[in-house]
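To keep things clear, I will list the structure first and then write my remarks on it.
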Amino acid sequence: MPATSQKFKEAEETLPEDLKPVFRRFVDEYEYLTSVHFGRGYVAYKVLADLVLAGWRPSAERVPGSKL
């Protein structure tokens, strides 16, 4: 995880402590899948932080065929 990135840190700081682990997981999984699909692990940290604040959470077990 690019936890040393200034943009990552800025986005993470917008979150309460209890949501930071959710954000980190979201970043890890999103970055991995963008690498798989596009060859580059691009992440818009502010967008993911906004989605976490809006209520995004993993809600189910992964299904067969998931790339994660």
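Letters A, B, ... go to the chains of the structure tokens in the order shown; residues in each chain start at 1; ligands are counted from 1 in the same order.
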Any idea what's packed within 12 Å of Ala11 of chain A, counting only C-alpha atoms, ignoring anything in its chain fewer than 4 positions away? Could you give it as a PyMOL selection string?
chain A and resi 3-7+15-16+19-20+23-24+27+43-53
Just the selected residues (N, CA, C and O atoms), exported as a compact mmCIF listing (two decimals), in the first residue's frame, please.
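For reference, again.txt as written:
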```
# COMPACT_ATOMS: atom_id res chain seq x y z
N ALA A 3 1.19 3.88 1.58
CA ALA A 3 0.86 4.64 2.79
C ALA A 3 1.77 5.84 3.00
O ALA A 3 1.51 6.66 3.86
N THR A 4 2.83 5.94 2.23
CA THR A 4 3.72 7.09 2.35
C THR A 4 3.34 8.22 1.41
O THR A 4 3.87 9.32 1.53
N SER A 5 2.42 7.97 0.50
CA SER A 5 1.99 8.99 -0.45
C SER A 5 1.28 10.13 0.30
O SER A 5 0.42 9.90 1.16
N GLN A 6 1.62 11.35 -0.06
CA GLN A 6 0.97 12.51 0.56
C GLN A 6 -0.53 12.52 0.28
O GLN A 6 -1.33 12.83 1.16
N LYS A 7 -0.92 12.17 -0.93
CA LYS A 7 -2.35 12.15 -1.28
C LYS A 7 -3.09 11.08 -0.48
O LYS A 7 -4.22 11.30 -0.05
N LEU A 15 -10.92 10.90 7.47
CA LEU A 15 -11.75 9.83 8.03
C LEU A 15 -11.58 9.71 9.54
O LEU A 15 -10.49 9.90 10.06
N PRO A 16 -12.67 9.31 10.23
CA PRO A 16 -12.52 8.98 11.64
C PRO A 16 -11.70 7.70 11.79
O PRO A 16 -11.60 6.90 10.86
N LEU A 19 -12.89 4.22 10.61
CA LEU A 19 -13.06 3.98 9.17
C LEU A 19 -11.73 3.84 8.43
O LEU A 19 -11.71 3.43 7.27
N LYS A 20 -10.64 4.17 9.06
CA LYS A 20 -9.35 4.08 8.39
C LYS A 20 -8.99 2.67 7.94
O LYS A 20 -8.51 2.49 6.82
N PHE A 23 -10.92 2.05 4.75
CA PHE A 23 -10.29 2.80 3.66
C PHE A 23 -9.03 2.10 3.16
O PHE A 23 -8.85 1.92 1.95
N ARG A 24 -8.19 1.65 4.08
CA ARG A 24 -6.95 0.97 3.68
C ARG A 24 -7.24 -0.30 2.89
O ARG A 24 -6.57 -0.58 1.89
N VAL A 27 -8.45 0.73 -0.57
CA VAL A 27 -7.31 1.17 -1.38
C VAL A 27 -6.52 -0.03 -1.87
O VAL A 27 -6.19 -0.13 -3.06
N VAL A 43 -5.02 4.94 -8.05
CA VAL A 43 -6.09 5.09 -7.07
C VAL A 43 -6.36 6.58 -6.88
O VAL A 43 -5.44 7.36 -6.65
N ALA A 44 -7.63 6.96 -6.94
CA ALA A 44 -8.04 8.32 -6.58
C ALA A 44 -8.44 8.27 -5.10
O ALA A 44 -9.57 7.96 -4.76
N TYR A 45 -7.49 8.55 -4.23
CA TYR A 45 -7.68 8.38 -2.79
C TYR A 45 -8.85 9.18 -2.25
O TYR A 45 -9.62 8.70 -1.42
N LYS A 46 -9.01 10.42 -2.70
CA LYS A 46 -10.11 11.26 -2.22
C LYS A 46 -11.46 10.65 -2.56
O LYS A 46 -12.39 10.71 -1.78
N VAL A 47 -11.55 10.06 -3.75
CA VAL A 47 -12.81 9.44 -4.17
C VAL A 47 -13.12 8.24 -3.28
O VAL A 47 -14.25 8.09 -2.81
N LEU A 48 -12.12 7.39 -3.02
CA LEU A 48 -12.36 6.24 -2.17
C LEU A 48 -12.70 6.67 -0.75
O LEU A 48 -13.59 6.08 -0.12
N ALA A 49 -12.05 7.69 -0.23
CA ALA A 49 -12.38 8.20 1.11
C ALA A 49 -13.82 8.72 1.14
O ALA A 49 -14.55 8.46 2.10
N ASP A 50 -14.24 9.43 0.09
CA ASP A 50 -15.62 9.91 0.04
C ASP A 50 -16.61 8.76 0.00
O ASP A 50 -17.68 8.83 0.64
N LEU A 51 -16.28 7.69 -0.72
CA LEU A 51 -17.17 6.53 -0.76
C LEU A 51 -17.27 5.87 0.62
O LEU A 51 -18.36 5.45 1.03
N VAL A 52 -16.17 5.78 1.34
CA VAL A 52 -16.20 5.21 2.69
C VAL A 52 -17.06 6.09 3.60
O VAL A 52 -17.90 5.59 4.35
N LEU A 53 -16.89 7.40 3.51
CA LEU A 53 -17.72 8.30 4.31
C LEU A 53 -19.20 8.20 3.95
O LEU A 53 -20.07 8.40 4.80
```
If we count only C-alpha atoms, what is near Leu33 of chain A at a cut-off of 8 Å, once residues fewer than 6 positions away on the same chain are taken out, given as a list in words?
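Selected residues are Gly41, Lys67 and Leu68 of chain A.
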Output N, CA and C atoms for every residue in that selection, as a tab-separated table (two decimals), in the first residue's frame.
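The result, written out as selection-v9.tsv:
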```
chain	number	residue	atom	x	y	z
A	41	GLY	N	-1.48	0.49	-10.90
A	41	GLY	CA	-2.30	0.57	-9.70
A	41	GLY	C	-2.74	1.97	-9.35
A	67	LYS	N	-11.28	-11.86	-8.58
A	67	LYS	CA	-9.84	-11.74	-8.80
A	67	LYS	C	-9.10	-11.36	-7.52
A	68	LEU	N	-9.83	-11.19	-6.43
A	68	LEU	CA	-9.18	-10.88	-5.15
A	68	LEU	C	-8.97	-12.13	-4.35
```
Could you give me, as number ranges by chain, each residue of chain A that DSSP assigns to helix (DSSP H, G or I) when run on this structure's backbone?
A: 6-12, 17-38, 45-53
For atom CA of Pro21 of chain A and atom CA of His37 of chain A, the interatomic separation in Å (one decimal)
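Atom CA of Pro21 of chain A sits 24.3 Å away from atom CA of His37 of chain A.
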